[in-house]
Each structure stands twice: as structure tokens, then as C-alpha cells.
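**Q** My structure file my_file_8.txt, compact mmCIF, C-alpha atoms, is below:
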```txt
# COMPACT_ATOMS: atom_id res chain seq x y z
CA MET A 1327 143.54 101.71 -71.60
CA TYR A 1328 144.86 102.65 -75.03
CA THR A 1329 144.48 106.35 -75.63
CA MET A 1330 143.33 105.82 -79.23
CA VAL A 1331 140.29 103.85 -78.02
CA LEU A 1332 139.38 106.67 -75.64
CA SER A 1333 139.97 109.29 -78.34
CA ILE A 1334 137.54 107.79 -80.85
CA SER A 1335 135.08 107.01 -78.03
CA HIS A 1336 135.03 110.71 -77.14
CA ARG A 1337 133.96 111.53 -80.69
CA ILE A 1338 131.41 108.70 -80.86
CA THR A 1339 129.80 109.63 -77.53
CA GLY A 1340 129.82 113.27 -78.66
CA ILE A 1341 127.86 112.37 -81.80
CA VAL A 1342 125.49 110.21 -79.72
CA LEU A 1343 124.92 113.13 -77.33
CA SER A 1344 124.24 115.49 -80.25
CA VAL A 1345 121.44 113.16 -81.34
CA GLY A 1346 120.28 113.26 -77.70
CA LEU A 1347 119.35 116.92 -78.24
CA ILE A 1348 116.25 115.60 -80.03
CA PRO A 1349 114.65 113.83 -77.01
CA LEU A 1350 115.70 116.78 -74.79
CA VAL A 1351 113.90 119.29 -76.99
CA TYR A 1352 110.98 116.88 -77.44
CA TRP A 1353 110.57 116.73 -73.66
CA LEU A 1354 110.62 120.55 -73.43
CA VAL A 1355 108.12 120.94 -76.29
CA SER A 1356 105.77 118.35 -74.78
CA LEU A 1357 105.92 120.21 -71.46
CA ALA A 1358 104.95 123.41 -73.29
CA SER A 1359 102.13 121.67 -75.17
CA GLY A 1360 99.92 120.63 -72.26
CA THR A 1361 98.95 117.57 -70.26
CA ALA A 1362 97.92 115.28 -73.13
CA ALA A 1363 101.12 115.85 -75.13
CA TYR A 1364 103.19 115.44 -71.97
CA ALA A 1365 101.51 112.17 -71.01
CA LEU A 1366 102.20 110.84 -74.51
CA ALA A 1367 105.84 111.97 -74.29
CA VAL A 1368 106.30 110.26 -70.92
CA GLU A 1369 104.70 107.09 -72.30
CA ARG A 1370 107.06 107.15 -75.29
CA LEU A 1371 110.13 107.93 -73.20
CA ARG A 1372 109.27 105.09 -70.83
CA SER A 1373 108.96 102.53 -73.63
CA PRO A 1374 111.60 99.78 -73.43
CA LEU A 1375 113.41 101.00 -76.57
CA LEU A 1376 113.64 104.59 -75.35
CA GLN A 1377 114.69 103.48 -71.87
CA LEU A 1378 117.53 101.52 -73.48
CA LEU A 1379 118.49 104.52 -75.61
CA LEU A 1380 118.32 106.80 -72.55
CA LEU A 1381 120.68 104.41 -70.77
CA GLY A 1382 123.07 104.77 -73.73
CA TRP A 1383 122.78 108.55 -73.58
CA LEU A 1384 123.38 108.48 -69.82
CA PHE A 1385 126.59 106.46 -70.20
CA SER A 1386 127.67 108.61 -73.15
CA PHE A 1387 127.11 111.71 -71.04
CA PHE A 1388 129.18 110.51 -68.10
CA PHE A 1389 131.90 109.21 -70.41
CA HIS A 1390 132.07 112.43 -72.44
CA LEU A 1391 132.02 114.47 -69.22
CA ALA A 1392 134.86 112.52 -67.56
CA ASN A 1393 136.95 112.28 -70.71
CA GLY A 1394 136.25 115.94 -71.48
CA ILE A 1395 137.67 116.91 -68.08
CA ARG A 1396 140.69 114.70 -68.95
CA HIS A 1397 141.08 116.67 -72.18
CA LEU A 1398 140.86 119.96 -70.30
CA ALA A 1399 143.62 118.72 -67.96
CA TRP A 1400 145.74 117.94 -71.02
CA ASP A 1401 145.03 121.44 -72.36
CA CYS A 1402 146.49 122.75 -69.11
CA GLY A 1403 149.57 120.57 -69.63
CA PHE A 1404 148.89 117.79 -67.12
CA GLY A 1405 149.03 114.02 -67.57
CA PHE A 1406 150.80 113.71 -70.92
CA GLU A 1407 153.12 110.82 -70.03
CA ARG A 1408 152.03 107.56 -71.67
CA LYS A 1409 151.62 105.83 -68.31
CA GLN A 1410 149.54 108.71 -66.91
CA ALA A 1411 147.43 108.95 -70.06
CA ARG A 1412 146.63 105.22 -69.96
CA ALA A 1413 145.86 105.30 -66.24
CA SER A 1414 143.55 108.32 -66.62
CA GLY A 1415 141.91 106.52 -69.53
CA TRP A 1416 141.01 103.62 -67.27
CA ALA A 1417 139.87 106.07 -64.60
CA VAL A 1418 137.52 107.73 -67.12
CA PHE A 1419 136.00 104.40 -68.18
CA ILE A 1420 135.54 103.15 -64.61
CA LEU A 1421 134.15 106.49 -63.39
CA ALA A 1422 131.68 106.71 -66.29
CA THR A 1423 130.45 103.15 -65.64
CA LEU A 1424 130.18 103.75 -61.91
CA LEU A 1425 128.25 107.03 -62.31
CA THR A 1426 125.90 105.40 -64.83
CA VAL A 1427 125.14 102.52 -62.45
CA LEU A 1428 124.63 104.89 -59.50
CA CYS A 1429 122.33 107.14 -61.52
CA VAL A 1430 120.24 104.17 -62.72
CA LEU A 1431 119.96 102.87 -59.13
CA TRP A 1432 118.89 106.35 -57.99
CA VAL A 1433 116.20 106.57 -60.68
CA LEU A 1434 114.92 103.07 -59.83
CA GLN A 1435 114.83 103.93 -56.15
CA LEU A 1436 112.85 107.13 -56.79
CA ARG A 1437 110.40 105.21 -58.97
CA GLY A 1438 109.85 102.80 -56.12
CA ALA A 1439 110.86 99.84 -58.22
CA PRO A 1440 112.61 96.93 -56.50
CA VAL A 1441 116.35 97.48 -56.81
CA MET B 244 146.92 150.56 -100.17
CA THR B 245 149.00 148.97 -97.47
CA LEU B 246 152.70 149.01 -96.91
CA ARG B 247 152.66 145.54 -95.36
CA SER B 248 154.25 142.83 -97.46
CA PRO B 249 152.03 139.98 -98.71
CA LEU B 250 153.89 137.64 -96.35
CA GLY B 251 153.36 139.95 -93.38
CA GLN B 252 149.64 140.11 -94.07
CA VAL B 253 149.15 136.36 -93.85
CA LEU B 254 151.64 135.41 -91.12
CA GLY B 255 149.90 133.99 -88.09
CA LEU B 256 146.56 133.60 -89.79
CA GLY B 257 146.86 129.87 -90.44
CA ALA B 258 144.87 127.89 -92.97
CA ALA B 259 141.41 128.57 -91.57
CA LYS B 260 142.24 132.00 -90.02
CA ASP B 261 140.05 131.38 -86.99
CA GLY B 262 141.29 128.09 -85.56
CA VAL B 263 142.05 129.46 -82.12
CA SER B 264 138.61 130.97 -81.64
CA HIS B 265 137.01 127.63 -82.55
CA TRP B 266 139.33 125.78 -80.14
CA TRP B 267 138.66 128.32 -77.39
CA ALA B 268 134.88 128.33 -77.87
CA GLN B 269 134.89 124.52 -77.69
CA ARG B 270 136.74 124.61 -74.34
CA LEU B 271 134.70 127.47 -72.88
CA SER B 272 131.42 125.76 -73.75
CA ALA B 273 132.80 122.49 -72.32
CA VAL B 274 133.62 124.18 -68.99
CA ALA B 275 130.20 125.85 -68.87
CA LEU B 276 128.47 122.53 -69.59
CA VAL B 277 130.01 120.75 -66.58
CA PRO B 278 127.80 122.53 -64.00
CA LEU B 279 124.86 123.09 -66.42
CA THR B 280 124.45 119.44 -67.44
CA LEU B 281 124.98 118.07 -63.92
CA TRP B 282 122.45 120.55 -62.50
CA PHE B 283 119.90 119.66 -65.16
CA LEU B 284 120.40 115.90 -64.82
CA VAL B 285 120.04 115.96 -61.03
CA SER B 286 117.01 118.27 -61.24
CA VAL B 287 115.18 116.13 -63.79
CA VAL B 288 115.89 112.91 -61.90
CA ARG B 289 114.72 114.44 -58.60
CA LEU B 290 111.62 115.78 -60.29
CA ASP B 291 108.81 113.31 -60.62
CA ALA B 292 109.08 113.63 -64.38
CA ALA B 293 105.87 111.72 -64.99
CA ASP B 294 103.93 114.47 -63.16
CA PHE B 295 103.08 117.24 -65.65
CA SER B 296 102.27 119.87 -63.00
CA ALA B 297 105.46 119.23 -61.04
CA ALA B 298 107.61 119.49 -64.18
CA HIS B 299 105.73 122.61 -65.37
CA VAL B 300 106.08 124.36 -62.01
CA TRP B 301 109.77 123.47 -61.88
CA LEU B 302 110.60 124.81 -65.35
CA SER B 303 108.52 127.97 -64.91
CA ALA B 304 110.66 129.16 -61.98
CA PRO B 305 112.85 131.99 -63.37
CA VAL B 306 116.15 130.47 -62.21
CA HIS B 307 115.28 127.11 -63.75
CA ALA B 308 114.02 128.63 -66.99
CA VAL B 309 117.20 130.69 -67.41
CA GLY B 310 119.30 127.63 -66.55
CA ALA B 311 117.44 125.52 -69.09
CA LEU B 312 117.86 128.27 -71.73
CA LEU B 313 121.59 128.41 -71.06
CA LEU B 314 121.77 124.62 -71.20
CA VAL B 315 120.04 124.38 -74.60
CA VAL B 316 122.08 127.22 -76.12
CA VAL B 317 125.48 126.10 -74.81
CA LEU B 318 124.76 122.44 -75.63
CA CYS B 319 123.98 123.43 -79.21
CA VAL B 320 127.10 125.62 -79.49
CA HIS B 321 129.28 122.78 -78.16
CA SER B 322 127.52 120.13 -80.28
CA ARG B 323 127.82 122.24 -83.44
CA LEU B 324 131.55 122.88 -82.90
CA GLY B 325 132.22 119.22 -82.13
CA LEU B 326 130.26 117.85 -85.10
CA GLN B 327 131.97 120.41 -87.35
CA VAL B 328 135.39 119.00 -86.40
CA VAL B 329 134.21 115.42 -86.99
CA VAL B 330 132.81 116.31 -90.44
CA GLU B 331 135.95 118.23 -91.39
CA ASP B 332 138.07 115.24 -90.38
CA TYR B 333 136.09 112.44 -92.01
CA VAL B 334 134.09 113.91 -94.92
CA HIS B 335 136.61 114.59 -97.66
CA GLN B 336 134.48 115.28 -100.71
CA PRO B 337 134.09 119.11 -100.78
CA GLY B 338 130.43 119.17 -101.88
CA ALA B 339 129.33 116.60 -99.30
CA LYS B 340 131.35 118.40 -96.64
CA LEU B 341 129.67 121.74 -97.36
CA VAL B 342 126.18 120.25 -97.46
CA THR B 343 126.76 118.37 -94.17
CA LEU B 344 128.16 121.44 -92.41
CA VAL B 345 125.26 123.63 -93.58
CA ALA B 346 122.74 120.96 -92.49
CA ILE B 347 124.42 120.78 -89.06
CA ASP B 348 124.28 124.56 -88.70
CA PHE B 349 120.60 124.73 -89.65
CA ALA B 350 119.69 121.80 -87.38
CA HIS B 351 121.35 123.41 -84.36
CA VAL B 352 119.75 126.81 -84.91
CA LEU B 353 116.41 125.01 -85.23
CA VAL B 354 116.99 123.10 -81.98
CA VAL B 355 117.86 126.34 -80.15
CA ALA B 356 114.77 128.11 -81.54
CA ILE B 357 112.36 125.28 -80.68
CA GLY B 358 113.93 124.59 -77.27
CA ALA B 359 114.02 128.28 -76.30
CA PHE B 360 110.43 128.81 -77.46
CA ALA B 361 109.22 125.83 -75.41
CA ILE B 362 111.05 127.00 -72.28
CA LEU B 363 109.77 130.58 -72.62
CA LYS B 364 106.22 129.38 -73.27
CA VAL B 365 106.32 127.40 -70.02
CA ALA B 366 108.02 130.27 -68.13
CA PHE B 367 105.63 133.00 -69.30
CA GLY B 368 102.51 130.86 -69.61
CA ALA B 369 99.77 130.46 -67.02
CA ALA B 370 100.21 127.77 -64.40
CA PRO B 371 98.49 124.54 -65.50
```
Rewrite the coordinates I just gave you, this time as C-alpha cells.
**A**
Amino acid sequence: MYTMVLSISHRITGIVLSVGLIPLVYWLVSLASGTAAYALAVERLRSPLLQLLLLGWLFSFFFHLANGIRHLAWDCGFGFERKQARASGWAVFILATLLTVLCVLWVLQLRGAPV
Amino acid sequence: MTLRSPLGQVLGLGAAKDGVSHWWAQRLSAVALVPLTLWFLVSVVRLDAADFSAAHVWLSAPVHAVGALLLVVVLCVHSRLGLQVVVEDYVHQPGAKLVTLVAIDFAHVLVVAIGAFAILKVAFGAAP
């Protein structure tokens, strides 16, 4: 995978994850605000739109995590050859997709929904 | 009064004078976030998040509250540093750049304050 695609994707997922701080803090605040506020928060977070957004945040997280580790490896001087960089780029994309799918399946299984 | 030459005073400082500390803080926060985010994600998924009492009891445990505090603070540090780089790279008009950077700073301090307050309220509050 071309390294430039991965590079801009790291920034885009980073920005997406920064916006994800809002639902994270909202969840914490609702937990601190009592049962009624928490029930409303869960209802909102389980709405189709938010579930879709949460899926996006989940993929962004795994992508940014995997690619971030790739960056840290570069910082340590590993994997700079073009062939290696493109191969690790594919590995990051495949790993992020795989982890997202596994996490979604796990959540569905815990909810008792048919997988 | 210093005996150092003007050139000697600025050598090694670079354009922004603190580039290395920014770079280093970005990496340190990244390394810290690997275990913190994975721990939090797994914990929240395993928790029956729809159950208020279960979530409240989980977050009020000292280890979990401290972990959540660390997560919110380090996430905000990392997010602020990352967004700063993006703004510096893509926003070229000086006024807009300054306003955006200040807004990003304020927003992150606000997120830390609200998040930390919520966690501490749960941790120190009475059980529901």
C-alpha cells in the first residue's frame, strides 16, 4: 500500500479520534449524573447513527494504533526500505480491519444478538 | 551581559526552539496510550454498559478511576499535540492559525476538566 495513503490516513483517523473525545466524556458525565441521564446516554449511543459513528471510531482507533506502532518502529530505525514500508502499510490496514471485525463480533456476542 | 556570540546563543535552538520536546511528548504519550486505550476498550466492552450500577461500580474502583483519569489526560495531551501539528501544516493564514490553536488548547483543557470531574464524582460519590 502506498505510504502516502497511510500517512494522510493517520492524520485523518487522528482527527476523527480527537472528535471521539466528546462521546467518551459524555459517557463519563452521564455516569456521574445518575440513572436517568445514563439511560438517556445509552439510548442515544445505541441509536443507529451513533452506532455507525462508533464503528468509525473503532476502526479509526485500531488503524491509528497499528499505524502508530509502525511509526514508532520507524522512529527506532526499522522498516524504512520502500518494500518493507509498503508491506507494513498493508499489514496495518489488514490488522485494523480484522481487529474491528473481531471487536464488533465480540460486542454482538455479548449483547446476545444473532451473529 | 554575556560573552557568547549572537550565533552561539541561537545554535541548536531551531525555528521553534522546542521541537524535540514536542516530538518526544507525542511519542511518550503514544506509548502510554497503547496499554491505556486497550485496557479501557476491553473493560468497557466486557462491562454491560447498559447497566448503570455495573458501570458505576466498575468506575468507582480506585484502580479503574485512576486508569480512566490517566486515559483522559494522556488522550488529551496526545490529541492536542497531534491537532497542533495538523493545524501548523495546513492552516497558513497567521490569524486563523493562532485562533485555531488557542481554540484547540481551550477545548482540550475543558475536556480534561469535565472528564476528570466526572470520574472523581463517581469515584468519591456514594454507591448508587
**Q** Suppose you want the space between atom CA of B:Trp267 and atom CA of B:Leu326; what is it in Å?
**A**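 Calculated distance between atom CA of B:Trp267 and atom CA of B:Leu326 is 15.5 Å.
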**Q** Which residue out of B:Tyr333, B:Trp266, B:Phe295, B:Trp282 has the minimum interatomic distance to chain A when only C-alpha atoms are used?
**A**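 That would be B:Phe295, the residue with the smallest distance to chain A.
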**Q** What is the atom CA of A:Tyr1328-atom CA of A:Arg1396 distance in Å, reported with one decimal?
**A**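 Those two atoms sit 14.1 Å apart.
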**Q** Given the point (102.5, 127.5, -66.3) in the coordinates of this file, which residues lie within 10 Å, counting only C-alpha atoms, and how would they look as a VMD selection string?
**A** (chain A and resid 1357 to 1358 1360) or (chain B and resid 296 298 to 304 364 to 371)
**Q** Each residue of chain B with at least one atom at most 10 Å from chain A should appear once, together with its nearest atom pair and the corresponding distance in Å (one decimal); atoms considered: only C-alpha atoms; ordering: chain, then increasing residue number; output as a Markdown table.
**A**
```
| residue | atom | partner | partner_atom | distance |
| --- | --- | --- | --- | --- |
| B:Arg270 | CA | A:Leu1398 | CA | 7.4 |
| B:Ala273 | CA | A:Gly1394 | CA | 7.5 |
| B:Val274 | CA | A:Ile1395 | CA | 8.4 |
| B:Leu276 | CA | A:Leu1391 | CA | 8.8 |
| B:Val277 | CA | A:Leu1391 | CA | 7.1 |
| B:Thr280 | CA | A:Phe1387 | CA | 8.9 |
| B:Leu281 | CA | A:Leu1391 | CA | 9.5 |
| B:Leu284 | CA | A:Leu1384 | CA | 9.4 |
| B:Val285 | CA | A:Cys1429 | CA | 9.1 |
| B:Val288 | CA | A:Val1433 | CA | 6.5 |
| B:Arg289 | CA | A:Leu1436 | CA | 7.8 |
| B:Leu290 | CA | A:Leu1436 | CA | 9.4 |
| B:Asp291 | CA | A:Leu1436 | CA | 8.3 |
| B:Ala292 | CA | A:Val1368 | CA | 7.9 |
| B:Ala293 | CA | A:Val1368 | CA | 6.1 |
| B:Asp294 | CA | A:Ala1365 | CA | 8.5 |
| B:Phe295 | CA | A:Thr1361 | CA | 6.2 |
| B:Ser296 | CA | A:Thr1361 | CA | 8.3 |
| B:Ala298 | CA | A:Leu1357 | CA | 7.5 |
| B:His299 | CA | A:Leu1357 | CA | 6.5 |
| B:Leu302 | CA | A:Leu1357 | CA | 9.0 |
| B:Ala311 | CA | A:Leu1354 | CA | 9.5 |
| B:Val315 | CA | A:Val1351 | CA | 8.3 |
| B:Leu318 | CA | A:Leu1347 | CA | 8.2 |
| B:Cys319 | CA | A:Ser1344 | CA | 8.0 |
| B:His321 | CA | A:Ser1344 | CA | 9.1 |
| B:Ser322 | CA | A:Ser1344 | CA | 5.7 |
| B:Arg323 | CA | A:Ser1344 | CA | 8.3 |
| B:Gly325 | CA | A:Gly1340 | CA | 7.3 |
| B:Leu326 | CA | A:Ile1341 | CA | 6.8 |
| B:Val328 | CA | A:Arg1337 | CA | 9.5 |
| B:Val329 | CA | A:Arg1337 | CA | 7.4 |
| B:His351 | CA | A:Leu1347 | CA | 9.1 |
| B:Val354 | CA | A:Val1351 | CA | 7.0 |
| B:Val355 | CA | A:Val1351 | CA | 8.7 |
| B:Ala356 | CA | A:Val1351 | CA | 10.0 |
| B:Ile357 | CA | A:Val1351 | CA | 7.2 |
| B:Gly358 | CA | A:Val1351 | CA | 5.3 |
| B:Ala359 | CA | A:Leu1354 | CA | 8.9 |
| B:Phe360 | CA | A:Val1355 | CA | 8.3 |
| B:Ala361 | CA | A:Val1355 | CA | 5.1 |
| B:Ile362 | CA | A:Leu1354 | CA | 6.6 |
| B:Leu363 | CA | A:Ala1358 | CA | 8.7 |
| B:Lys364 | CA | A:Ala1358 | CA | 6.1 |
| B:Val365 | CA | A:Ala1358 | CA | 5.3 |
| B:Ala366 | CA | A:Ala1358 | CA | 9.1 |
| B:Gly368 | CA | A:Ala1358 | CA | 8.7 |
| B:Pro371 | CA | A:Gly1360 | CA | 7.9 |
```
**Q** Can you put N, CA and C atoms back into stretch 348-368 of chain B and show it as a compact mmCIF listing (two decimals), keeping the file's coordinate frame?
**A**
```txt
# COMPACT_ATOMS: atom_id res chain seq x y z
N ASP B 348 124.55 123.21 -89.17
CA ASP B 348 124.28 124.56 -88.70
C ASP B 348 122.77 124.81 -88.57
N PHE B 349 122.04 124.50 -89.64
CA PHE B 349 120.60 124.73 -89.65
C PHE B 349 119.92 123.94 -88.53
N ALA B 350 120.32 122.67 -88.39
CA ALA B 350 119.69 121.80 -87.38
C ALA B 350 119.88 122.38 -85.98
N HIS B 351 121.10 122.89 -85.70
CA HIS B 351 121.35 123.41 -84.36
C HIS B 351 120.61 124.71 -84.08
N VAL B 352 120.52 125.58 -85.10
CA VAL B 352 119.75 126.81 -84.91
C VAL B 352 118.28 126.46 -84.67
N LEU B 353 117.80 125.46 -85.40
CA LEU B 353 116.41 125.01 -85.23
C LEU B 353 116.18 124.48 -83.81
N VAL B 354 117.12 123.67 -83.32
CA VAL B 354 116.99 123.10 -81.98
C VAL B 354 116.97 124.21 -80.93
N VAL B 355 117.85 125.22 -81.09
CA VAL B 355 117.86 126.34 -80.15
C VAL B 355 116.53 127.08 -80.19
N ALA B 356 116.02 127.35 -81.40
CA ALA B 356 114.77 128.11 -81.54
C ALA B 356 113.60 127.36 -80.90
N ILE B 357 113.48 126.07 -81.22
CA ILE B 357 112.36 125.28 -80.68
C ILE B 357 112.48 125.13 -79.16
N GLY B 358 113.71 124.78 -78.71
CA GLY B 358 113.93 124.59 -77.27
C GLY B 358 113.66 125.88 -76.49
N ALA B 359 114.19 126.99 -77.00
CA ALA B 359 114.02 128.28 -76.30
C ALA B 359 112.55 128.67 -76.27
N PHE B 360 111.84 128.47 -77.41
CA PHE B 360 110.43 128.81 -77.46
C PHE B 360 109.64 128.00 -76.43
N ALA B 361 109.94 126.69 -76.35
CA ALA B 361 109.22 125.83 -75.41
C ALA B 361 109.46 126.27 -73.97
N ILE B 362 110.72 126.58 -73.65
CA ILE B 362 111.05 127.00 -72.28
C ILE B 362 110.34 128.31 -71.94
N LEU B 363 110.39 129.28 -72.88
CA LEU B 363 109.77 130.58 -72.62
C LEU B 363 108.25 130.46 -72.53
N LYS B 364 107.67 129.56 -73.33
CA LYS B 364 106.22 129.38 -73.27
C LYS B 364 105.82 128.87 -71.89
N VAL B 365 106.61 127.92 -71.36
CA VAL B 365 106.32 127.40 -70.02
C VAL B 365 106.54 128.50 -68.98
N ALA B 366 107.65 129.26 -69.13
CA ALA B 366 108.02 130.27 -68.13
C ALA B 366 107.01 131.41 -68.08
N PHE B 367 106.53 131.83 -69.25
CA PHE B 367 105.63 133.00 -69.30
C PHE B 367 104.16 132.61 -69.34
N GLY B 368 103.89 131.30 -69.51
CA GLY B 368 102.51 130.86 -69.61
C GLY B 368 101.84 130.79 -68.24
```
